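A.B. asks: Sharing a structure with you now.
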Amino acid sequence: MAKRTPLIAGNWKMHKTVAESVETAGQLAKMVADARDVEIMIAPAFTALASVSQVIRGSAVGLGAQNLFWEEQGAFTGEVSAPMLVSAGCRYVIIGHSERRQFFGETDETVNRRIGAALHAGLVPVFCIGETESERDAEKTFSVLDKQIQKGLEGFVSEDLSSLVVAYEPVWAIGTGKAATPQQAQEVHAFVRSKIEERFGGAMAESTRILYGGSVKPANVRELMALADVDGALVGGASLDAETFSQLVHFNA
Ligand code: PEP
């Protein structure tokens, strides 16, 4: 079977003003114009989405948001809905990032609602899962991930989830410089794929992209992307600089 088209996704978190975002996105669009057989996404802050959308229009770079709220509109001060993201030019949305789970009360149930709203609006959900260091030390990695997958995807059938992207991000690897080893990553990715197969069948398990996230850098991207069940990367720190992120995008050059 042909390997799934890898997705290299940048999560800019709470970084960059509108002007800085536009500058980086413009540089990146030029640097990756020659990239082949790879999908590229950047997720700037909400404030920069519409402007970045203009700069990357027609380029190889797709636009994502870092979160959404599941209602379409209404009295929900401070929230941003899926149709609003679509209208700002988004194609992807990151859902359930560990920083949202850790600092903003995100739960498997709210993740599930957000995924539903994203799918309803035609956005590609990048569904983040991952264990903490203490969970790994307590040998709970697989049970934690199993629960996140089951609850996060509860109520959906495979037809709903044809665009779904899963991102395995061990919390202990995010922003720490300590990436998972290739062996750790492959073991978990194979487990995640087996859970998708159990729940949704072999065809969906084969076609679903599972990204690795956590301290991906130019120095380790190649060995991670070579793994059988790793279909791309979700990148924080190393996505903020266009030149560095472009090196990640060109991992297969
Ligand atoms: C992330 O926040 O999704 C992430 C993977 O961050 P970093 O690449 O900085 O570890």
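Here, A, B, ... name the chains of the structure tokens in the order displayed, residue numbers run from 1 inside each chain, and ligands are numbered from 1 in the same displayed order.
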Would you name the residues within 6 Å of ligand 1, counting only C-alpha atoms and all ligand atoms, and put them as an mmCIF file with N, CA, C and O atoms, in the first residue's frame?
C.D. replies:
data_model
loop_
_atom_site.group_PDB
_atom_site.id
_atom_site.type_symbol
_atom_site.label_atom_id
_atom_site.label_comp_id
_atom_site.auth_asym_id
_atom_site.auth_seq_id
_atom_site.Cartn_x
_atom_site.Cartn_y
_atom_site.Cartn_z
ATOM 1 N N ASN A 11 2.270 24.387 14.892
ATOM 2 C CA ASN A 11 1.390 25.004 15.887
ATOM 3 C C ASN A 11 2.139 26.192 16.479
ATOM 4 O O ASN A 11 3.082 26.010 17.247
ATOM 5 N N ALA A 173 7.232 15.167 26.088
ATOM 6 C CA ALA A 173 8.126 15.499 24.964
ATOM 7 C C ALA A 173 7.845 16.881 24.395
ATOM 8 O O ALA A 173 8.624 17.387 23.576
ATOM 9 N N ILE A 174 6.752 17.490 24.810
ATOM 10 C CA ILE A 174 6.369 18.783 24.227
ATOM 11 C C ILE A 174 7.193 19.913 24.838
ATOM 12 O O ILE A 174 7.155 20.132 26.054
ATOM 13 N N GLY A 175 7.937 20.583 23.995
ATOM 14 C CA GLY A 175 8.700 21.755 24.426
ATOM 15 C C GLY A 175 9.852 21.432 25.355
ATOM 16 O O GLY A 175 10.422 22.325 25.977
ATOM 17 N N GLY A 213 4.114 14.310 17.603
ATOM 18 C CA GLY A 213 4.465 15.654 18.064
ATOM 19 C C GLY A 213 5.207 15.603 19.381
ATOM 20 O O GLY A 213 4.874 14.791 20.261
ATOM 21 N N GLY A 214 6.212 16.464 19.526
ATOM 22 C CA GLY A 214 6.991 16.519 20.754
ATOM 23 C C GLY A 214 8.455 16.645 20.426
ATOM 24 O O GLY A 214 9.125 15.653 20.142
ATOM 25 N N SER A 215 8.935 17.923 20.413
ATOM 26 C CA SER A 215 10.361 18.204 20.177
ATOM 27 C C SER A 215 10.871 17.674 18.841
ATOM 28 O O SER A 215 12.011 17.195 18.744
ATOM 29 N N VAL A 216 10.029 17.754 17.796
ATOM 30 C CA VAL A 216 10.510 17.424 16.448
ATOM 31 C C VAL A 216 11.400 18.569 15.969
ATOM 32 O O VAL A 216 11.042 19.747 16.095
ATOM 33 N N LEU A 234 3.436 17.091 14.177
ATOM 34 C CA LEU A 234 2.862 18.326 14.707
ATOM 35 C C LEU A 234 3.987 18.993 15.488
ATOM 36 O O LEU A 234 4.539 18.407 16.421
ATOM 37 N N VAL A 235 4.311 20.212 15.077
ATOM 38 C CA VAL A 235 5.541 20.859 15.531
ATOM 39 C C VAL A 235 5.219 22.177 16.215
ATOM 40 O O VAL A 235 4.497 23.009 15.653
ATOM 41 N N GLY A 236 5.763 22.369 17.402
ATOM 42 C CA GLY A 236 5.591 23.635 18.103
ATOM 43 C C GLY A 236 6.773 24.551 17.836
ATOM 44 O O GLY A 236 6.838 25.244 16.822
ATOM 45 N N GLY A 237 7.746 24.535 18.753
ATOM 46 C CA GLY A 237 8.878 25.463 18.700
ATOM 47 C C GLY A 237 9.560 25.576 17.349
ATOM 48 O O GLY A 237 9.836 26.686 16.880
ATOM 49 N N ALA A 238 9.799 24.453 16.715
ATOM 50 C CA ALA A 238 10.551 24.467 15.451
ATOM 51 C C ALA A 238 9.709 24.914 14.260
ATOM 52 O O ALA A 238 10.200 24.956 13.133
#
A.B. asks: Would you list the contacts of Arg101 of chain A as a list in words, taking every protein, DNA or RNA residue within 10 Å and counting only C-alpha atoms, but skipping same-chain residues closer than 5 positions in sequence?
C.D. replies: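 Answer for this query is Ile95, Gly96, Glu106, Thr107, Asp108, Thr110, Val111, Cys128 and Ile129 of chain A.
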A.B. asks: Limited to N, CA, C and O atoms, could you put the picked residues into a file as a PDB file, in the first residue's frame?
C.D. replies:
ATOM      1  N   ILE A  95      -7.328  20.126  17.814  1.00  0.00           N
ATOM      2  CA  ILE A  95      -8.318  19.922  18.882  1.00  0.00           C
ATOM      3  C   ILE A  95      -7.713  19.050  19.980  1.00  0.00           C
ATOM      4  O   ILE A  95      -7.096  18.018  19.709  1.00  0.00           O
ATOM      5  N   GLY A  96      -7.890  19.508  21.226  1.00  0.00           N
ATOM      6  CA  GLY A  96      -7.474  18.700  22.372  1.00  0.00           C
ATOM      7  C   GLY A  96      -5.984  18.714  22.637  1.00  0.00           C
ATOM      8  O   GLY A  96      -5.456  17.775  23.262  1.00  0.00           O
ATOM      9  N   GLU A 106      -9.881  21.395  29.197  1.00  0.00           N
ATOM     10  CA  GLU A 106     -10.323  20.518  28.094  1.00  0.00           C
ATOM     11  C   GLU A 106     -10.447  19.083  28.595  1.00  0.00           C
ATOM     12  O   GLU A 106      -9.558  18.598  29.296  1.00  0.00           O
ATOM     13  N   THR A 107     -11.533  18.416  28.245  1.00  0.00           N
ATOM     14  CA  THR A 107     -11.732  17.016  28.639  1.00  0.00           C
ATOM     15  C   THR A 107     -11.999  16.195  27.380  1.00  0.00           C
ATOM     16  O   THR A 107     -12.224  16.742  26.299  1.00  0.00           O
ATOM     17  N   ASP A 108     -12.028  14.888  27.546  1.00  0.00           N
ATOM     18  CA  ASP A 108     -12.340  14.031  26.394  1.00  0.00           C
ATOM     19  C   ASP A 108     -13.725  14.367  25.840  1.00  0.00           C
ATOM     20  O   ASP A 108     -13.952  14.286  24.632  1.00  0.00           O
ATOM     21  N   THR A 110     -15.306  17.372  25.912  1.00  0.00           N
ATOM     22  CA  THR A 110     -15.316  18.627  25.137  1.00  0.00           C
ATOM     23  C   THR A 110     -14.530  18.452  23.828  1.00  0.00           C
ATOM     24  O   THR A 110     -14.879  19.036  22.804  1.00  0.00           O
ATOM     25  N   VAL A 111     -13.519  17.612  23.880  1.00  0.00           N
ATOM     26  CA  VAL A 111     -12.785  17.293  22.646  1.00  0.00           C
ATOM     27  C   VAL A 111     -13.747  16.667  21.641  1.00  0.00           C
ATOM     28  O   VAL A 111     -13.770  17.025  20.452  1.00  0.00           O
ATOM     29  N   CYS A 128      -5.551  15.685  19.134  1.00  0.00           N
ATOM     30  CA  CYS A 128      -4.333  15.425  19.905  1.00  0.00           C
ATOM     31  C   CYS A 128      -4.591  14.513  21.094  1.00  0.00           C
ATOM     32  O   CYS A 128      -5.551  14.720  21.857  1.00  0.00           O
ATOM     33  N   ILE A 129      -3.714  13.547  21.254  1.00  0.00           N
ATOM     34  CA  ILE A 129      -3.762  12.647  22.397  1.00  0.00           C
ATOM     35  C   ILE A 129      -2.335  12.491  22.923  1.00  0.00           C
ATOM     36  O   ILE A 129      -1.378  12.763  22.203  1.00  0.00           O
TER      37      ILE A 129
END
A.B. asks: When you draw a straight line from atom CA of Leu63 of chain A to atom CA of Gly89 of chain A, how long is it in Å?
C.D. replies: 6.7 Å
A.B. asks: With DSSP run on the backbone, what are the strand (DSSP E) residues within segment 19-205 of chain A? I'd like them as a ChimeraX atom specification.
C.D. replies: /A:39-43,61-65,92-95,124-129,165-168
A.B. asks: With distances taken over only C-alpha atoms, which of A:Arg136, A:Arg209, A:Lys3, A:Lys30 is nearest to Glu243 of chain A?
C.D. replies: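 Counting only C-alpha atoms, the residue closest to Glu243 of chain A is A:Lys30.
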A.B. asks: Per residue of segment 161-237 of chain A within 10 Å of segment 121-125 of chain A, what are the shortest atom pair and its distance in Å to one decimal, counting only C-alpha atoms, with rows by chain and residue number, as a tab-separated table?
C.D. replies:
residue	atom	partner	partner_atom	distance
A:Leu161	CA	A:Pro125	CA	9.0
A:Ser162	CA	A:Val124	CA	9.2
A:Ser163	CA	A:Val124	CA	5.6
A:Leu164	CA	A:Pro125	CA	5.6
A:Val165	CA	A:Pro125	CA	6.1
A:Val166	CA	A:Pro125	CA	8.0
A:Ala167	CA	A:Pro125	CA	9.9
A.B. asks: Could those residues be written to a file, using all heavy atoms, as a PDB file, in the first residue's frame?
C.D. replies:
ATOM      1  N   LEU A 161     -15.469  10.271   9.759  1.00  0.00           N
ATOM      2  CA  LEU A 161     -14.095  10.570  10.160  1.00  0.00           C
ATOM      3  C   LEU A 161     -13.078  10.419   9.033  1.00  0.00           C
ATOM      4  O   LEU A 161     -11.890  10.257   9.287  1.00  0.00           O
ATOM      5  CB  LEU A 161     -13.700   9.647  11.328  1.00  0.00           C
ATOM      6  CG  LEU A 161     -14.510   9.852  12.620  1.00  0.00           C
ATOM      7  CD1 LEU A 161     -14.197   8.750  13.628  1.00  0.00           C
ATOM      8  CD2 LEU A 161     -14.231  11.214  13.229  1.00  0.00           C
ATOM      9  N   SER A 162     -13.559  10.484   7.781  1.00  0.00           N
ATOM     10  CA  SER A 162     -12.625  10.213   6.680  1.00  0.00           C
ATOM     11  C   SER A 162     -11.473  11.227   6.647  1.00  0.00           C
ATOM     12  O   SER A 162     -10.378  10.912   6.171  1.00  0.00           O
ATOM     13  CB  SER A 162     -13.363  10.181   5.345  1.00  0.00           C
ATOM     14  OG  SER A 162     -14.043  11.380   5.174  1.00  0.00           O
ATOM     15  N   SER A 163     -11.688  12.435   7.151  1.00  0.00           N
ATOM     16  CA  SER A 163     -10.608  13.430   7.111  1.00  0.00           C
ATOM     17  C   SER A 163      -9.775  13.462   8.395  1.00  0.00           C
ATOM     18  O   SER A 163      -8.786  14.181   8.477  1.00  0.00           O
ATOM     19  CB  SER A 163     -11.199  14.826   6.876  1.00  0.00           C
ATOM     20  OG  SER A 163     -11.932  15.245   8.016  1.00  0.00           O
ATOM     21  N   LEU A 164     -10.181  12.694   9.390  1.00  0.00           N
ATOM     22  CA  LEU A 164      -9.546  12.791  10.713  1.00  0.00           C
ATOM     23  C   LEU A 164      -8.021  12.612  10.659  1.00  0.00           C
ATOM     24  O   LEU A 164      -7.520  11.702  10.007  1.00  0.00           O
ATOM     25  CB  LEU A 164     -10.123  11.704  11.642  1.00  0.00           C
ATOM     26  CG  LEU A 164      -9.519  11.660  13.054  1.00  0.00           C
ATOM     27  CD1 LEU A 164     -10.074  12.796  13.907  1.00  0.00           C
ATOM     28  CD2 LEU A 164      -9.787  10.310  13.727  1.00  0.00           C
ATOM     29  N   VAL A 165      -7.334  13.481  11.383  1.00  0.00           N
ATOM     30  CA  VAL A 165      -5.899  13.324  11.614  1.00  0.00           C
ATOM     31  C   VAL A 165      -5.720  13.182  13.119  1.00  0.00           C
ATOM     32  O   VAL A 165      -6.303  13.946  13.892  1.00  0.00           O
ATOM     33  CB  VAL A 165      -5.106  14.559  11.110  1.00  0.00           C
ATOM     34  CG1 VAL A 165      -3.635  14.447  11.485  1.00  0.00           C
ATOM     35  CG2 VAL A 165      -5.271  14.720   9.598  1.00  0.00           C
ATOM     36  N   VAL A 166      -4.942  12.188  13.540  1.00  0.00           N
ATOM     37  CA  VAL A 166      -4.635  12.017  14.962  1.00  0.00           C
ATOM     38  C   VAL A 166      -3.207  12.494  15.181  1.00  0.00           C
ATOM     39  O   VAL A 166      -2.343  12.263  14.325  1.00  0.00           O
ATOM     40  CB  VAL A 166      -4.768  10.525  15.385  1.00  0.00           C
ATOM     41  CG1 VAL A 166      -4.425  10.355  16.869  1.00  0.00           C
ATOM     42  CG2 VAL A 166      -6.176  10.011  15.095  1.00  0.00           C
ATOM     43  N   ALA A 167      -2.981  13.183  16.286  1.00  0.00           N
ATOM     44  CA  ALA A 167      -1.602  13.577  16.626  1.00  0.00           C
ATOM     45  C   ALA A 167      -1.249  12.981  17.974  1.00  0.00           C
ATOM     46  O   ALA A 167      -1.873  13.328  18.984  1.00  0.00           O
ATOM     47  CB  ALA A 167      -1.460  15.095  16.658  1.00  0.00           C
TER      48      ALA A 167
END
A.B. asks: Grab the atom CA of Ser98 of chain A to atom CA of Pro170 of chain A distance for me, in Å with one decimal place.
C.D. replies: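 According to the coordinates, atom CA of Ser98 of chain A and atom CA of Pro170 of chain A are separated by 8.7 Å.
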A.B. asks: Can you tell me, as a PyMOL selection string, which residues in segment 79-187 of chain A count as alpha helix (DSSP H) by DSSP?
C.D. replies: chain A and resi 82-87+98-103+108-120+133-137+141-152+182-187
A.B. asks: Pick out the residues sitting within 10 Å of Ser53 of chain A, and hand them over as a PDB file with all heavy atoms, in the first residue's frame; count only C-alpha atoms, and ignore anything fewer than 3 positions along from it in its own chain.
C.D. replies:
ATOM      1  N   VAL A  22       2.325  37.200   9.332  1.00  0.00           N
ATOM      2  CA  VAL A  22       2.281  37.398   7.877  1.00  0.00           C
ATOM      3  C   VAL A  22       3.688  37.266   7.298  1.00  0.00           C
ATOM      4  O   VAL A  22       3.890  36.626   6.260  1.00  0.00           O
ATOM      5  CB  VAL A  22       1.655  38.780   7.563  1.00  0.00           C
ATOM      6  CG1 VAL A  22       1.945  39.217   6.142  1.00  0.00           C
ATOM      7  CG2 VAL A  22       0.155  38.741   7.842  1.00  0.00           C
ATOM      8  N   ALA A  25       4.760  33.524   7.453  1.00  0.00           N
ATOM      9  CA  ALA A  25       3.970  32.713   6.516  1.00  0.00           C
ATOM     10  C   ALA A  25       4.399  32.994   5.074  1.00  0.00           C
ATOM     11  O   ALA A  25       4.500  32.078   4.249  1.00  0.00           O
ATOM     12  CB  ALA A  25       2.488  32.997   6.706  1.00  0.00           C
ATOM     13  N   ALA A  48      -4.436  36.328  13.665  1.00  0.00           N
ATOM     14  CA  ALA A  48      -3.652  36.417  12.416  1.00  0.00           C
ATOM     15  C   ALA A  48      -4.231  35.562  11.296  1.00  0.00           C
ATOM     16  O   ALA A  48      -3.716  35.598  10.166  1.00  0.00           O
ATOM     17  CB  ALA A  48      -2.205  36.016  12.695  1.00  0.00           C
ATOM     18  N   LEU A  49      -5.274  34.788  11.572  1.00  0.00           N
ATOM     19  CA  LEU A  49      -5.739  33.812  10.574  1.00  0.00           C
ATOM     20  C   LEU A  49      -6.095  34.466   9.238  1.00  0.00           C
ATOM     21  O   LEU A  49      -5.638  34.030   8.178  1.00  0.00           O
ATOM     22  CB  LEU A  49      -6.945  33.029  11.114  1.00  0.00           C
ATOM     23  CG  LEU A  49      -6.634  32.016  12.220  1.00  0.00           C
ATOM     24  CD1 LEU A  49      -7.927  31.421  12.772  1.00  0.00           C
ATOM     25  CD2 LEU A  49      -5.715  30.917  11.712  1.00  0.00           C
ATOM     26  N   ALA A  50      -6.942  35.489   9.289  1.00  0.00           N
ATOM     27  CA  ALA A  50      -7.445  36.063   8.030  1.00  0.00           C
ATOM     28  C   ALA A  50      -6.298  36.665   7.215  1.00  0.00           C
ATOM     29  O   ALA A  50      -6.241  36.499   5.985  1.00  0.00           O
ATOM     30  CB  ALA A  50      -8.513  37.112   8.320  1.00  0.00           C
ATOM     31  N   ILE A  56      -0.871  33.148   2.097  1.00  0.00           N
ATOM     32  CA  ILE A  56      -0.538  31.779   1.649  1.00  0.00           C
ATOM     33  C   ILE A  56      -1.496  31.285   0.568  1.00  0.00           C
ATOM     34  O   ILE A  56      -1.364  30.155   0.101  1.00  0.00           O
ATOM     35  CB  ILE A  56      -0.515  30.781   2.836  1.00  0.00           C
ATOM     36  CG1 ILE A  56      -1.881  30.703   3.519  1.00  0.00           C
ATOM     37  CG2 ILE A  56       0.577  31.135   3.817  1.00  0.00           C
ATOM     38  CD1 ILE A  56      -1.941  29.671   4.638  1.00  0.00           C
ATOM     39  N   ARG A  57      -2.425  32.131   0.183  1.00  0.00           N
ATOM     40  CA  ARG A  57      -3.381  31.708  -0.857  1.00  0.00           C
ATOM     41  C   ARG A  57      -2.631  31.238  -2.116  1.00  0.00           C
ATOM     42  O   ARG A  57      -1.718  31.894  -2.590  1.00  0.00           O
ATOM     43  CB  ARG A  57      -4.304  32.890  -1.208  1.00  0.00           C
ATOM     44  CG  ARG A  57      -5.307  32.537  -2.285  1.00  0.00           C
ATOM     45  CD  ARG A  57      -6.402  33.569  -2.369  1.00  0.00           C
ATOM     46  NE  ARG A  57      -7.212  33.587  -1.152  1.00  0.00           N
ATOM     47  CZ  ARG A  57      -8.098  34.540  -0.853  1.00  0.00           C
ATOM     48  NH1 ARG A  57      -8.284  35.560  -1.640  1.00  0.00           N
ATOM     49  NH2 ARG A  57      -8.790  34.461   0.267  1.00  0.00           N
ATOM     50  N   GLY A  58      -3.043  30.071  -2.618  1.00  0.00           N
ATOM     51  CA  GLY A  58      -2.427  29.550  -3.834  1.00  0.00           C
ATOM     52  C   GLY A  58      -1.088  28.865  -3.600  1.00  0.00           C
ATOM     53  O   GLY A  58      -0.489  28.343  -4.533  1.00  0.00           O
ATOM     54  N   VAL A  61       0.943  25.857   1.382  1.00  0.00           N
ATOM     55  CA  VAL A  61       0.720  25.905   2.826  1.00  0.00           C
ATOM     56  C   VAL A  61      -0.767  26.065   3.120  1.00  0.00           C
ATOM     57  O   VAL A  61      -1.414  26.977   2.599  1.00  0.00           O
ATOM     58  CB  VAL A  61       1.505  27.085   3.459  1.00  0.00           C
ATOM     59  CG1 VAL A  61       1.345  27.089   4.974  1.00  0.00           C
ATOM     60  CG2 VAL A  61       2.968  27.027   3.062  1.00  0.00           C
ATOM     61  N   GLY A  62      -1.297  25.174   3.949  1.00  0.00           N
ATOM     62  CA  GLY A  62      -2.698  25.258   4.364  1.00  0.00           C
ATOM     63  C   GLY A  62      -2.807  25.921   5.724  1.00  0.00           C
ATOM     64  O   GLY A  62      -1.834  25.952   6.495  1.00  0.00           O
ATOM     65  N   LEU A  63      -3.999  26.426   6.006  1.00  0.00           N
ATOM     66  CA  LEU A  63      -4.200  27.183   7.245  1.00  0.00           C
ATOM     67  C   LEU A  63      -5.000  26.380   8.263  1.00  0.00           C
ATOM     68  O   LEU A  63      -6.010  25.755   7.923  1.00  0.00           O
ATOM     69  CB  LEU A  63      -4.946  28.478   6.920  1.00  0.00           C
ATOM     70  CG  LEU A  63      -5.073  29.499   8.047  1.00  0.00           C
ATOM     71  CD1 LEU A  63      -3.702  30.064   8.432  1.00  0.00           C
ATOM     72  CD2 LEU A  63      -6.004  30.643   7.636  1.00  0.00           C
ATOM     73  N   GLY A  64      -4.533  26.422   9.507  1.00  0.00           N
ATOM     74  CA  GLY A  64      -5.257  25.763  10.587  1.00  0.00           C
ATOM     75  C   GLY A  64      -5.438  26.703  11.760  1.00  0.00           C
ATOM     76  O   GLY A  64      -4.700  27.681  11.899  1.00  0.00           O
ATOM     77  N   ALA A  88     -12.455  32.471   7.771  1.00  0.00           N
ATOM     78  CA  ALA A  88     -11.124  33.101   7.834  1.00  0.00           C
ATOM     79  C   ALA A  88     -10.115  32.377   6.948  1.00  0.00           C
ATOM     80  O   ALA A  88      -8.951  32.771   6.885  1.00  0.00           O
ATOM     81  CB  ALA A  88     -10.626  33.124   9.273  1.00  0.00           C
ATOM     82  N   GLY A  89     -10.550  31.293   6.302  1.00  0.00           N
ATOM     83  CA  GLY A  89      -9.659  30.593   5.367  1.00  0.00           C
ATOM     84  C   GLY A  89      -9.073  29.294   5.889  1.00  0.00           C
ATOM     85  O   GLY A  89      -8.200  28.707   5.254  1.00  0.00           O
ATOM     86  N   CYS A  90      -9.560  28.827   7.046  1.00  0.00           N
ATOM     87  CA  CYS A  90      -8.982  27.602   7.628  1.00  0.00           C
ATOM     88  C   CYS A  90      -9.485  26.352   6.936  1.00  0.00           C
ATOM     89  O   CYS A  90     -10.642  26.257   6.532  1.00  0.00           O
ATOM     90  CB  CYS A  90      -9.342  27.478   9.109  1.00  0.00           C
ATOM     91  SG  CYS A  90      -8.488  28.653  10.135  1.00  0.00           S
TER      92      CYS A  90
END
A.B. asks: Restricting the calculation to only C-alpha atoms, which member of A:Ala117, A:Met84, A:Ala228, A:Ala242 is positioned closest to Pro182 of chain A?
C.D. replies: A:Ala228
A.B. asks: From the list A:Leu211, A:Ser87, A:Thr141, A:Glu159, which residue is nearest Val126 of chain A when using only C-alpha atoms?
C.D. replies: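 Among the listed residues, A:Leu211 lies closest to Val126 of chain A.
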A.B. asks: Go ahead and compute the interatomic distance for atom CA of Thr24 of chain A and atom CA of Phe104 of chain A, in Å to one decimal.
C.D. replies: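 These two atoms are separated by 27.6 Å.
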A.B. asks: My list of candidates is A:Ala60, A:Leu119, A:Leu153, A:Leu240. Which is closest to Ala43 of chain A when distances are computed with only C-alpha atoms?
C.D. replies: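 Closest to Ala43 of chain A of all the choices is A:Leu240.
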A.B. asks: Identify which of the residues A:Thr47, A:Ser21, A:Asn220, A:Gln66 lies closest to Ala118 of chain A, counting only C-alpha atoms when measuring atom-to-atom distances.
C.D. replies: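 Smallest separation from Ala118 of chain A among the options: A:Gln66.
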A.B. asks: Neighbouring residues of Glu72 of chain A were defined as those with any atom within 9 Å, considering only C-alpha atoms; residues of the same chain fewer than 2 positions away were excluded. Please report them as a list in words.
C.D. replies: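 The neighbour list is Phe69, Trp70, Gly74, Val80, Ser81, Ala82, Pro83, Met84 and Ala117 of chain A.
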A.B. asks: May I have the residues from that selection written out with all heavy atoms, as a compact mmCIF listing (two decimals), in the first residue's frame?
C.D. replies:
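Listed below is the output, out_13.txt:
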# COMPACT_ATOMS: atom_id res chain seq x y z
N PHE A 69 -14.82 26.51 19.27
CA PHE A 69 -15.92 26.18 20.17
C PHE A 69 -16.99 25.47 19.34
O PHE A 69 -17.12 25.73 18.15
CB PHE A 69 -16.49 27.44 20.81
CG PHE A 69 -17.53 27.14 21.87
CD1 PHE A 69 -17.23 26.30 22.94
CD2 PHE A 69 -18.80 27.69 21.78
CE1 PHE A 69 -18.20 26.01 23.90
CE2 PHE A 69 -19.76 27.41 22.74
CZ PHE A 69 -19.47 26.57 23.80
N TRP A 70 -17.75 24.57 19.98
CA TRP A 70 -18.63 23.70 19.19
C TRP A 70 -19.93 24.34 18.76
O TRP A 70 -20.55 23.85 17.81
CB TRP A 70 -18.90 22.40 19.95
CG TRP A 70 -19.40 22.59 21.35
CD1 TRP A 70 -20.67 22.85 21.75
CD2 TRP A 70 -18.60 22.52 22.55
NE1 TRP A 70 -20.73 22.95 23.11
CE2 TRP A 70 -19.47 22.75 23.63
CE3 TRP A 70 -17.25 22.29 22.80
CZ2 TRP A 70 -19.03 22.75 24.96
CZ3 TRP A 70 -16.83 22.30 24.11
CH2 TRP A 70 -17.70 22.51 25.17
N GLY A 74 -23.53 32.70 18.95
CA GLY A 74 -24.35 32.95 20.13
C GLY A 74 -23.58 33.67 21.22
O GLY A 74 -22.49 34.21 20.99
N VAL A 80 -14.66 31.16 19.45
CA VAL A 80 -14.61 31.24 17.98
C VAL A 80 -15.16 29.94 17.43
O VAL A 80 -14.78 28.85 17.89
CB VAL A 80 -13.14 31.45 17.52
CG1 VAL A 80 -13.05 31.40 16.01
CG2 VAL A 80 -12.61 32.78 18.03
N SER A 81 -16.06 30.03 16.48
CA SER A 81 -16.76 28.83 15.99
C SER A 81 -16.13 28.27 14.72
O SER A 81 -15.36 28.96 14.02
CB SER A 81 -18.23 29.15 15.72
OG SER A 81 -18.35 29.93 14.55
N ALA A 82 -16.56 27.06 14.38
CA ALA A 82 -16.05 26.41 13.16
C ALA A 82 -16.38 27.22 11.90
O ALA A 82 -15.49 27.44 11.06
CB ALA A 82 -16.59 24.99 13.07
N PRO A 83 -17.63 27.68 11.72
CA PRO A 83 -17.89 28.48 10.50
C PRO A 83 -17.04 29.75 10.44
O PRO A 83 -16.67 30.20 9.35
CB PRO A 83 -19.39 28.81 10.62
CG PRO A 83 -19.95 27.75 11.51
CD PRO A 83 -18.87 27.40 12.48
N MET A 84 -16.73 30.32 11.61
CA MET A 84 -15.87 31.52 11.61
C MET A 84 -14.47 31.17 11.10
O MET A 84 -13.86 31.94 10.36
CB MET A 84 -15.77 32.10 13.02
CG MET A 84 -17.05 32.74 13.51
SD MET A 84 -16.88 33.16 15.26
CE MET A 84 -18.49 33.86 15.55
N ALA A 117 -18.06 19.46 15.73
CA ALA A 117 -18.29 20.77 15.11
C ALA A 117 -17.35 20.98 13.93
O ALA A 117 -17.74 21.52 12.89
CB ALA A 117 -18.09 21.87 16.15
